[in-house]
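Structure file my_file.cif; described as mmCIF, C-alpha atoms.
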```cif
data_structure
#
loop_
_atom_site.label_atom_id
_atom_site.label_comp_id
_atom_site.auth_asym_id
_atom_site.auth_seq_id
_atom_site.Cartn_x
_atom_site.Cartn_y
_atom_site.Cartn_z
CA MET G 6 136.09 61.73 85.29
CA ASP G 7 138.30 63.99 87.42
CA SER G 8 137.40 67.32 88.99
CA ARG G 9 138.18 69.70 86.12
CA ALA G 10 134.56 70.74 86.46
CA LEU G 11 132.81 72.61 89.24
CA LYS G 12 129.68 71.01 90.64
CA ASN G 13 126.60 72.01 88.66
CA PRO G 14 124.47 73.89 91.22
CA TYR G 15 121.31 74.07 89.09
CA PRO G 16 118.29 71.78 89.39
CA ASP G 17 117.46 70.19 86.03
CA PHE G 18 114.33 71.08 84.04
CA ASP G 19 111.27 69.60 85.74
CA GLY G 20 108.88 70.06 82.83
CA SER G 21 107.25 73.11 84.38
CA TYR G 22 107.50 76.50 82.68
CA ALA G 23 106.95 78.24 86.01
CA SER G 24 110.64 77.75 86.87
CA ALA G 25 111.94 78.26 83.31
CA PRO G 26 113.18 81.57 81.87
CA PHE G 27 111.06 81.01 78.71
CA ASP G 28 107.50 80.11 77.76
CA SER G 29 106.08 76.98 76.10
CA GLN G 30 106.92 78.44 72.66
CA GLY G 31 110.61 78.79 73.64
CA LYS G 32 110.37 82.58 73.86
CA LEU G 33 112.62 83.99 76.58
CA THR G 34 110.87 85.92 79.36
CA ALA G 35 111.25 89.70 79.33
CA GLU G 36 113.11 89.52 82.63
CA PHE G 37 115.67 86.96 81.44
CA SER G 38 116.19 88.81 78.11
CA GLU G 39 116.78 92.02 80.03
CA ARG G 40 119.36 90.30 82.23
CA LEU G 41 121.12 88.97 79.15
CA ASN G 42 121.11 92.44 77.57
CA ASN G 43 122.46 94.13 80.68
CA ASN G 44 125.21 91.56 81.06
CA ILE G 45 126.18 91.80 77.40
CA TYR G 46 126.68 95.56 77.69
CA GLU G 47 128.51 95.31 81.04
CA LEU G 48 130.87 92.64 79.74
CA LEU G 49 131.44 94.60 76.51
CA GLU G 50 132.67 97.57 78.55
CA ALA G 51 134.99 95.35 80.57
CA MET G 52 136.25 93.70 77.36
CA GLU G 53 136.96 97.04 75.69
CA ARG G 54 138.98 98.16 78.72
CA GLY G 55 140.88 94.87 78.77
CA LEU G 56 141.68 94.96 75.06
CA ARG G 57 143.82 98.08 75.54
CA SER G 58 146.61 95.80 76.73
CA ALA G 59 146.00 92.97 74.18
CA ASP G 60 148.63 91.85 71.68
CA ALA G 61 148.56 94.48 68.92
CA LYS G 62 149.89 91.99 66.35
CA ASP G 63 147.50 89.06 66.82
CA CYS G 64 145.28 89.08 63.74
CA THR G 65 143.55 85.74 64.40
CA THR G 66 139.92 84.90 65.04
CA TYR G 67 140.95 82.56 67.85
CA THR G 68 142.75 84.98 70.18
CA GLY G 69 143.16 88.18 68.15
CA TRP G 70 141.42 91.17 66.58
CA THR G 71 139.39 89.24 63.98
CA GLY G 72 137.61 87.44 66.83
CA ILE G 73 136.56 90.78 68.28
CA SER G 74 135.44 91.92 64.84
CA LEU G 75 133.38 88.73 64.47
CA LEU G 76 131.75 89.40 67.85
CA TYR G 77 130.69 92.90 66.79
CA LEU G 78 129.42 91.54 63.46
CA ARG G 79 127.19 89.13 65.39
CA LEU G 80 126.07 91.85 67.81
CA HIS G 81 125.10 93.98 64.81
CA SER G 82 122.94 91.11 63.50
CA VAL G 83 121.26 90.65 66.90
CA PHE G 84 120.76 94.30 67.93
CA SER G 85 120.89 96.22 64.58
CA VAL G 86 123.06 98.93 66.19
CA PRO G 87 125.00 100.69 63.39
CA SER G 88 128.00 101.48 65.63
CA PHE G 89 128.58 97.73 66.11
CA LEU G 90 129.25 97.37 62.38
CA GLN G 91 131.70 100.30 62.55
CA LYS G 92 133.46 98.62 65.48
CA SER G 93 133.64 95.40 63.50
CA LEU G 94 135.30 97.27 60.64
CA GLU G 95 137.83 98.97 62.96
CA TYR G 96 138.89 95.67 64.49
CA VAL G 97 139.15 93.75 61.24
CA ASN G 98 141.19 96.59 59.73
CA GLN G 99 143.57 96.21 62.64
CA SER G 100 143.83 92.50 61.76
CA LEU G 101 144.50 93.16 58.10
CA LYS G 102 147.53 95.26 59.09
CA CYS G 103 149.17 92.29 60.81
CA LEU G 104 148.32 89.19 58.77
CA THR G 105 150.53 86.18 59.47
CA ARG G 106 151.67 86.11 55.81
CA ARG G 107 152.78 82.56 56.50
CA HIS G 108 151.09 79.36 55.43
CA ASP G 109 148.34 79.68 58.02
CA VAL G 110 145.24 79.46 55.89
CA THR G 111 142.46 78.83 58.39
CA PHE G 112 139.53 80.87 59.63
CA LEU G 113 140.49 80.53 63.29
CA CYS G 114 144.27 80.75 63.28
CA GLY G 115 145.33 82.06 59.87
CA ASP G 116 144.84 84.80 57.30
CA ALA G 117 141.64 83.36 55.83
CA GLY G 118 139.65 84.49 58.89
CA PRO G 119 140.54 88.20 58.67
CA LEU G 120 139.96 88.23 54.88
CA ALA G 121 136.58 86.47 55.15
CA VAL G 122 135.34 88.68 58.00
CA ALA G 123 136.60 91.83 56.23
CA ALA G 124 134.72 90.82 53.08
CA VAL G 125 131.44 90.41 54.98
CA VAL G 126 131.81 93.64 56.98
CA CYS G 127 132.58 95.60 53.80
CA TYR G 128 129.57 94.09 52.03
CA ARG G 129 127.34 95.11 54.93
CA LEU G 130 128.69 98.65 54.63
CA GLN G 131 128.07 98.66 50.84
CA ARG G 132 131.82 98.76 50.13
CA VAL G 133 131.41 96.09 47.47
CA GLN G 134 134.67 96.62 45.60
CA GLU G 135 136.74 96.16 48.77
CA ALA G 136 134.71 93.09 49.71
CA ASP G 137 135.34 91.53 46.29
CA GLU G 138 139.06 92.21 46.65
CA TYR G 139 139.17 90.37 50.01
CA ILE G 140 137.26 87.41 48.56
CA ASN G 141 139.71 87.23 45.65
CA ARG G 142 142.64 87.23 48.08
CA LEU G 143 140.93 84.45 50.01
CA LEU G 144 140.38 82.37 46.87
CA HIS G 145 144.01 82.90 45.90
CA MET G 146 144.95 80.46 48.71
CA HIS G 147 142.72 77.72 47.30
CA LYS G 148 145.28 76.09 45.01
CA ASP G 149 147.73 75.46 47.88
CA VAL G 150 144.97 74.07 50.10
CA VAL G 151 143.76 71.46 47.62
CA THR G 152 147.25 70.18 46.85
CA VAL G 153 147.17 66.81 48.60
CA SER G 154 150.94 66.39 48.52
CA GLY G 155 151.38 69.52 50.68
CA ARG G 156 152.20 69.50 54.38
CA LEU G 157 148.83 70.97 55.35
CA PRO G 158 146.85 69.00 57.95
CA ASP G 159 143.10 68.46 57.51
CA GLU G 160 141.63 69.65 60.81
CA LEU G 161 139.75 72.84 61.65
CA LEU G 162 142.25 74.92 63.62
CA TYR G 163 145.26 74.76 61.31
CA GLY G 164 144.20 72.65 58.35
CA ARG G 165 142.06 72.33 55.24
CA MET G 166 138.73 72.35 57.08
CA GLY G 167 139.67 75.68 58.61
CA TYR G 168 140.08 77.14 55.13
CA LEU G 169 136.90 75.44 53.92
CA TYR G 170 134.98 77.09 56.77
CA SER G 171 136.14 80.53 55.51
CA LEU G 172 134.41 79.88 52.18
CA VAL G 173 131.30 78.54 53.93
CA PHE G 174 131.23 81.65 56.14
CA ILE G 175 131.19 83.92 53.08
CA ASN G 176 128.30 81.94 51.58
CA GLN G 177 126.37 81.87 54.86
CA GLN G 178 126.65 85.63 55.22
CA LEU G 179 126.40 86.80 51.61
CA GLY G 180 124.28 84.14 49.91
CA GLN G 181 125.05 80.55 48.94
CA GLU G 182 126.22 81.31 45.40
CA ARG G 183 128.93 83.84 46.28
CA ILE G 184 131.65 81.17 46.27
CA PRO G 185 130.89 78.35 43.83
CA LEU G 186 130.28 74.98 45.47
CA GLN G 187 133.07 73.38 43.44
CA TYR G 188 135.65 75.28 45.53
CA ILE G 189 134.26 73.65 48.66
CA GLN G 190 133.96 70.25 46.98
CA GLN G 191 137.59 70.31 45.83
CA ILE G 192 138.76 70.86 49.41
CA SER G 193 136.46 68.07 50.66
CA GLU G 194 137.90 65.77 48.00
CA ALA G 195 141.47 66.60 49.07
CA VAL G 196 140.48 65.85 52.69
CA MET G 197 138.86 62.55 51.68
CA ALA G 198 141.97 61.52 49.71
CA SER G 199 144.23 62.44 52.63
CA GLY G 200 142.05 60.45 55.07
CA GLN G 201 141.97 57.38 52.86
CA HIS G 202 145.73 57.52 52.43
CA LEU G 203 146.34 57.52 56.20
CA GLY G 204 143.68 54.86 56.82
CA LYS G 205 145.47 52.52 54.40
CA LYS G 206 148.93 53.43 55.69
CA LEU G 207 147.87 52.51 59.25
CA HIS G 208 146.03 49.39 58.00
CA ILE G 209 142.80 50.42 59.72
CA GLN G 210 140.72 51.11 56.61
CA ASN G 211 138.41 48.20 57.48
CA GLN G 212 137.56 49.85 60.82
CA SER G 213 137.74 53.46 59.67
CA PRO G 214 138.14 54.14 55.92
CA LEU G 215 139.20 57.72 56.76
CA MET G 216 141.78 58.63 59.40
CA TYR G 217 143.50 61.90 60.28
CA GLU G 218 146.43 63.00 62.41
CA TRP G 219 147.70 66.25 63.78
CA TYR G 220 151.27 66.16 65.11
CA GLN G 221 151.26 62.35 65.03
CA GLU G 222 148.18 62.15 67.26
CA LYS G 223 144.83 60.88 66.00
CA TYR G 224 142.66 63.51 67.70
CA VAL G 225 138.94 62.85 68.12
CA GLY G 226 137.37 66.22 68.93
CA ALA G 227 135.96 69.14 66.95
CA ALA G 228 139.00 71.43 66.83
CA HIS G 229 141.88 69.14 65.85
CA GLY G 230 140.19 65.89 65.11
CA LEU G 231 137.92 63.43 63.45
CA ALA G 232 134.58 64.76 64.74
CA GLY G 233 135.18 68.22 63.29
CA ILE G 234 136.32 66.85 59.93
CA TYR G 235 133.41 64.39 59.57
CA TYR G 236 130.93 67.12 60.56
CA PHE G 237 131.93 69.08 57.45
CA LEU G 238 132.17 66.08 55.13
CA MET G 239 128.54 65.22 55.97
CA GLN G 240 127.20 68.67 55.03
CA PRO G 241 124.85 68.48 52.01
CA GLY G 242 126.78 68.84 48.76
CA PHE G 243 130.24 69.33 50.29
CA VAL G 244 131.31 65.92 48.94
CA SER G 245 130.21 65.78 45.30
CA VAL G 246 129.74 61.99 45.13
CA GLU G 247 126.91 61.10 47.51
CA GLU G 248 127.89 57.43 47.57
CA GLU G 249 131.32 58.26 49.02
CA VAL G 250 129.71 59.80 52.10
CA SER G 251 127.89 56.52 52.82
CA ARG G 252 130.87 54.34 51.89
CA LEU G 253 133.70 56.27 53.55
CA VAL G 254 132.39 58.86 56.01
CA LYS G 255 129.63 56.85 57.72
CA PRO G 256 131.83 53.91 58.83
CA SER G 257 134.44 56.42 59.99
CA VAL G 258 131.79 58.16 62.10
CA ASP G 259 130.80 54.75 63.49
CA TYR G 260 134.45 54.20 64.44
CA VAL G 261 134.35 57.41 66.54
CA CYS G 262 131.08 56.23 68.12
CA ARG G 263 132.83 53.06 69.30
CA LEU G 264 135.43 55.14 71.15
CA ARG G 265 132.76 56.44 73.55
CA PHE G 266 133.49 55.99 77.26
CA PRO G 267 130.83 54.43 79.55
CA SER G 268 130.24 57.98 80.86
CA GLY G 269 129.07 59.06 77.38
CA ASN G 270 132.18 61.22 76.88
CA TYR G 271 134.87 60.74 74.21
CA PRO G 272 138.68 60.55 74.43
CA PRO G 273 140.87 63.42 73.21
CA CYS G 274 142.85 60.97 71.01
CA VAL G 275 142.42 57.47 69.63
CA GLY G 276 143.99 55.11 72.17
CA ASP G 277 143.81 57.55 75.10
CA ASP G 278 141.77 55.96 77.87
CA ARG G 279 141.61 59.01 80.17
CA ASP G 280 138.07 60.29 80.52
CA LEU G 281 138.97 63.85 81.48
CA LEU G 282 138.10 66.56 78.99
CA VAL G 283 134.62 68.00 78.48
CA HIS G 284 135.46 70.89 76.14
CA TRP G 285 134.31 71.95 72.70
CA CYS G 286 137.83 71.15 71.46
CA HIS G 287 138.08 67.69 73.11
CA GLY G 288 135.17 65.54 74.25
CA SER G 289 131.38 65.44 74.11
CA PRO G 290 130.68 69.17 73.60
CA GLY G 291 132.35 69.03 70.17
CA VAL G 292 131.47 65.47 69.14
CA VAL G 293 127.74 66.28 69.52
CA TYR G 294 127.77 68.24 66.22
CA MET G 295 129.15 65.27 64.29
CA LEU G 296 126.49 63.00 65.81
CA LEU G 297 123.61 65.39 65.07
CA GLN G 298 124.82 65.81 61.49
CA ALA G 299 125.12 62.02 61.10
CA TYR G 300 121.54 61.69 62.39
CA LYS G 301 120.31 64.30 59.89
CA ARG G 302 122.25 62.67 57.07
CA PHE G 303 121.59 58.98 57.67
CA GLY G 304 118.50 58.94 59.93
CA VAL G 305 119.97 56.33 62.30
CA PRO G 306 118.31 56.81 65.75
CA GLN G 307 121.49 55.69 67.57
CA TYR G 308 123.31 58.86 66.45
CA LEU G 309 120.66 61.00 68.14
CA GLU G 310 120.81 58.77 71.24
CA ASP G 311 124.58 59.29 71.44
CA ALA G 312 124.17 63.04 70.89
CA LEU G 313 121.65 63.22 73.76
CA GLN G 314 124.14 61.32 75.91
CA CYS G 315 126.73 64.03 75.09
CA GLY G 316 124.21 66.54 76.45
CA GLU G 317 124.01 64.62 79.74
CA VAL G 318 127.82 64.69 80.04
CA VAL G 319 127.91 68.45 79.38
CA TRP G 320 125.13 69.12 81.91
CA ARG G 321 127.01 67.17 84.56
CA TYR G 322 130.61 68.19 83.87
CA GLY G 323 130.40 71.27 81.62
CA LEU G 324 130.92 74.10 84.13
CA LEU G 325 134.69 74.17 83.96
CA LYS G 326 137.37 75.49 86.27
CA LYS G 327 139.03 76.73 83.07
CA GLY G 328 136.39 79.43 82.85
CA TYR G 329 133.68 80.83 80.63
CA GLY G 330 135.17 80.68 77.12
CA LEU G 331 134.21 78.98 73.87
CA CYS G 332 137.08 76.56 73.31
CA HIS G 333 137.28 75.18 76.83
CA GLY G 334 134.68 76.86 78.98
CA ALA G 335 131.02 77.06 79.95
CA ALA G 336 129.92 79.24 77.01
CA GLY G 337 131.31 76.84 74.40
CA ASN G 338 129.83 73.87 76.23
CA ALA G 339 126.40 75.52 76.34
CA TYR G 340 126.25 75.54 72.53
CA ALA G 341 125.86 71.74 72.71
CA PHE G 342 122.48 72.31 74.40
CA ILE G 343 121.46 74.87 71.76
CA ALA G 344 122.31 72.38 68.99
CA LEU G 345 120.27 69.67 70.74
CA TYR G 346 117.38 72.11 71.22
CA ARG G 347 117.38 73.08 67.54
CA GLN G 348 117.25 69.38 66.59
CA THR G 349 114.71 68.10 69.14
CA HIS G 350 112.73 71.20 70.28
CA ASP G 351 112.84 69.60 73.75
CA PRO G 352 112.67 72.54 76.23
CA LYS G 353 115.06 70.71 78.57
CA HIS G 354 117.99 71.67 76.34
CA LEU G 355 117.01 75.33 76.12
CA TYR G 356 116.63 75.37 79.90
CA ARG G 357 120.12 73.92 80.32
CA ALA G 358 121.59 76.51 77.94
CA CYS G 359 119.88 79.24 79.99
CA MET G 360 121.35 77.86 83.24
CA PHE G 361 124.85 77.89 81.71
CA ALA G 362 124.12 81.47 80.64
CA ASP G 363 123.15 82.29 84.23
CA TRP G 364 126.54 80.88 85.29
CA CYS G 365 128.30 83.02 82.65
CA MET G 366 126.41 86.12 83.79
CA ASN G 367 128.16 85.71 87.15
CA TYR G 368 131.44 86.13 85.27
CA GLY G 369 134.53 85.86 87.44
CA LYS G 370 132.70 84.86 90.62
CA HIS G 371 133.44 81.12 90.59
CA GLY G 372 137.19 81.16 91.17
CA CYS G 373 137.92 79.94 87.61
CA ARG G 374 141.31 80.26 85.96
CA THR G 375 142.12 83.39 83.95
CA PRO G 376 142.98 82.44 80.36
CA ASP G 377 146.15 83.61 78.57
CA THR G 378 144.12 85.96 76.36
CA PRO G 379 141.36 86.92 78.82
CA PHE G 380 139.31 89.10 76.43
CA SER G 381 139.60 87.05 73.22
CA LEU G 382 136.86 85.25 71.30
CA PHE G 383 137.90 81.65 71.83
CA GLU G 384 139.62 81.79 75.21
CA GLY G 385 138.09 84.76 76.93
CA MET G 386 135.29 87.22 77.52
CA ALA G 387 134.41 87.99 73.88
CA GLY G 388 133.27 84.40 73.39
CA THR G 389 131.04 84.55 76.45
CA ILE G 390 129.42 87.76 75.17
CA TYR G 391 128.90 86.09 71.79
CA PHE G 392 127.09 83.18 73.45
CA LEU G 393 124.87 85.43 75.60
CA ALA G 394 123.87 87.43 72.51
CA ASP G 395 123.22 84.23 70.53
CA LEU G 396 120.95 82.92 73.28
CA LEU G 397 118.57 85.86 72.65
CA GLN G 398 117.72 84.07 69.36
CA PRO G 399 118.33 80.40 70.16
CA MET G 400 116.89 78.96 66.94
CA THR G 401 119.47 80.87 64.85
CA ALA G 402 122.36 80.51 67.32
CA LYS G 403 125.43 78.68 65.97
CA PHE G 404 128.81 77.94 67.48
CA PRO G 405 130.99 80.68 65.94
CA ALA G 406 133.69 79.84 63.38
CA PHE G 407 132.53 76.23 63.25
CA GLU G 408 128.84 75.45 62.84
CA VAL G 409 127.47 75.58 59.32
#
```

Can the structure in the file be given as structure tokens, please?
Amino acid sequence: MDSRALKNPYPDFDGSYASAPFDSQGKLTAEFSERLNNNIYELLEAMERGLRSADAKDCTTYTGWTGISLLYLRLHSVFSVPSFLQKSLEYVNQSLKCLTRRHDVTFLCGDAGPLAVAAVVCYRLQRVQEADEYINRLLHMHKDVVTVSGRLPDELLYGRMGYLYSLVFINQQLGQERIPLQYIQQISEAVMASGQHLGKKLHIQNQSPLMYEWYQEKYVGAAHGLAGIYYFLMQPGFVSVEEEVSRLVKPSVDYVCRLRFPSGNYPPCVGDDRDLLVHWCHGSPGVVYMLLQAYKRFGVPQYLEDALQCGEVVWRYGLLKKGYGLCHGAAGNAYAFIALYRQTHDPKHLYRACMFADWCMNYGKHGCRTPDTPFSLFEGMAGTIYFLADLLQPMTAKFPAFEV
């Protein structure tokens, strides 16, 4: 492991609540909650100032206006401040004016994100007709996504899973029946067929029945790779034939497990032996979600063991020189602890998330690199604010634009 991380200055949880910013029930102390609140509002002001010089034509959730809209939608859920919902509407309207109009169909990097977020914001504001119109436009893309012969990849950032997440997002926010499950199942089936095809083509179907590539690389992580795809395929009901999940997805998950480095981290690509990256997009902080889902789905204790090992890697190497963002920064890495806490209820993981939050609340004081889009959701300050707000309600916190 090289020095892409800064040394973690925090002592680990010692089992005593005296030194923890929460009580034995996992309730944050008034003092720590107040610090989080103050920082959220301070960073919001700085973000708003910074956004004046942001790219007016970037509609995406990843680096553009939809990401800011999604942040305000979350802040409205956490704080119930009506003006946050108005802000969310303003930003998503800005996105809708500059859709890519290309074949980018994903929640993070395409037109599905703005349409899905706009639908939810309009529903919250009782503008039901507009919301329905956005959902219909979103569903209009479905036919192209499920066509297996198309050029569309399968991963989250630019592929089928990124479109699938848009439908899941609508159902999460507006009720599970809003988009019929068959829409989601058809995408999952296209992804399964695509994965089987590549597995056979590469003659590795005995090791991994499903295999995926993005730009000729077999990526492993959550954003472009296997871990992100398998995470969705293991969600209850997403694959209509239960037996296929056991027969095809489980051995493919086991294949990823065998790629683990002695450190407990994972390579960015199959065949890459450099143990370097501890980001949500590449490495343990993203693979942890696949492992926890596999544990929930199949009940095999080893999956939980491996997930806990991911947590150790993130604790040791997760404060990155790259900064405080979601995709490759401390805020995104901290979500691994929240996911482990939700699964295990072990206070150690909540403590670690709080320490990473403490680090993020000293924003800009660690000599980290400034990202290309310094105020955006996935690279910049908006993502850090999202994490700090989520930490106020850790049991409902989910990694944005990814966790189901």

Close residues, region 272-274 of chain G itself excluded, 8 Å, all atoms listed in the file, min 3 positions apart in chain, as a ChimeraX atom specification
/G:222-226,264-266,277-282,287-288

Please provide the set of residues having any atom within 8 Å of Val153 (chain G), restricted to all atoms listed in the file, with same-chain residues fewer than 6 positions apart removed, written as a list of chain:residue names.
G:Ala195, G:Val196, G:Ala198, G:Ser199

Fewer than 3 positions away in the same chain doesn't count, so skip those; otherwise give me all residues within 6 Å of region 158-171 of chain G, counting all atoms listed in the file, as a ChimeraX atom specification.
/G:110-113,121,174,228-230

Please list, as a VMD selection string, the residues that have an atom at most 12 Å away from (118.9, 70.5, 70.7) in the coordinates of this file, counting all atoms listed in the file.
chain G and resid 293 to 294 296 to 298 309 to 310 312 to 317 339 to 358 399 to 403

For the structure shown, which residues end up in the PyMOL selection byres ((chain G and resi 46-53) around 9)? Put them as a count of residues only, please?
18

Evaluate the PyMOL selection byres ((chain G and resi 244) around 7) and record the selected residues as a PyMOL selection string, following the chain and residue labels used in the document.
chain G and resi 190+193-194+238+242-243+245-247

Resolved residues for the PyMOL selection byres ((chain G and resi 204) around 8) as a compact mmCIF listing (two decimals) with C-alpha atoms, in the frame of the given file:
```
# COMPACT_ATOMS: atom_id res chain seq x y z
CA GLY G 200 142.05 60.45 55.07
CA GLN G 201 141.97 57.38 52.86
CA HIS G 202 145.73 57.52 52.43
CA LEU G 203 146.34 57.52 56.20
CA LYS G 205 145.47 52.52 54.40
CA LYS G 206 148.93 53.43 55.69
CA LEU G 207 147.87 52.51 59.25
CA HIS G 208 146.03 49.39 58.00
CA ILE G 209 142.80 50.42 59.72
CA GLN G 210 140.72 51.11 56.61
CA SER G 213 137.74 53.46 59.67
CA PRO G 214 138.14 54.14 55.92
CA LEU G 215 139.20 57.72 56.76
CA MET G 216 141.78 58.63 59.40
CA TYR G 217 143.50 61.90 60.28
```

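The shortest atom-to-atom distance to Pro26 (chain G), with only C-alpha atoms taken into account, belongs to G:Leu396 out of G:Leu396, G:Ile192, G:Leu144, G:Ala406.
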
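Each of G:Glu218, G:Asp259, G:Glu384, G:Glu39 was compared to Ala336 (chain G) using only C-alpha atoms, and G:Glu384 turns out to be the nearest.
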
Would you compute the distance between CA of Gly118 (chain G) and CA of Gly328 (chain G)? Give it in Å to one decimal.
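We find that CA of Gly118 (chain G) and CA of Gly328 (chain G) lie 24.7 Å from each other.
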
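Restricting the calculation to all atoms listed in the file, the smallest distance between Val275 (chain G) and any of G:Tyr308, G:Tyr300, G:Tyr236, G:Trp219 is found for G:Trp219.
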
Six-sided padding of 3 Å per side, axis-aligned box over region 344-355 of chain G, centre and edges in Å, one decimal, as AutoDock Vina command-line options:
```
--center_x 117.5 --center_y 71.7 --center_z 72.6 --size_x 15.6 --size_y 13.2 --size_z 18.0
```
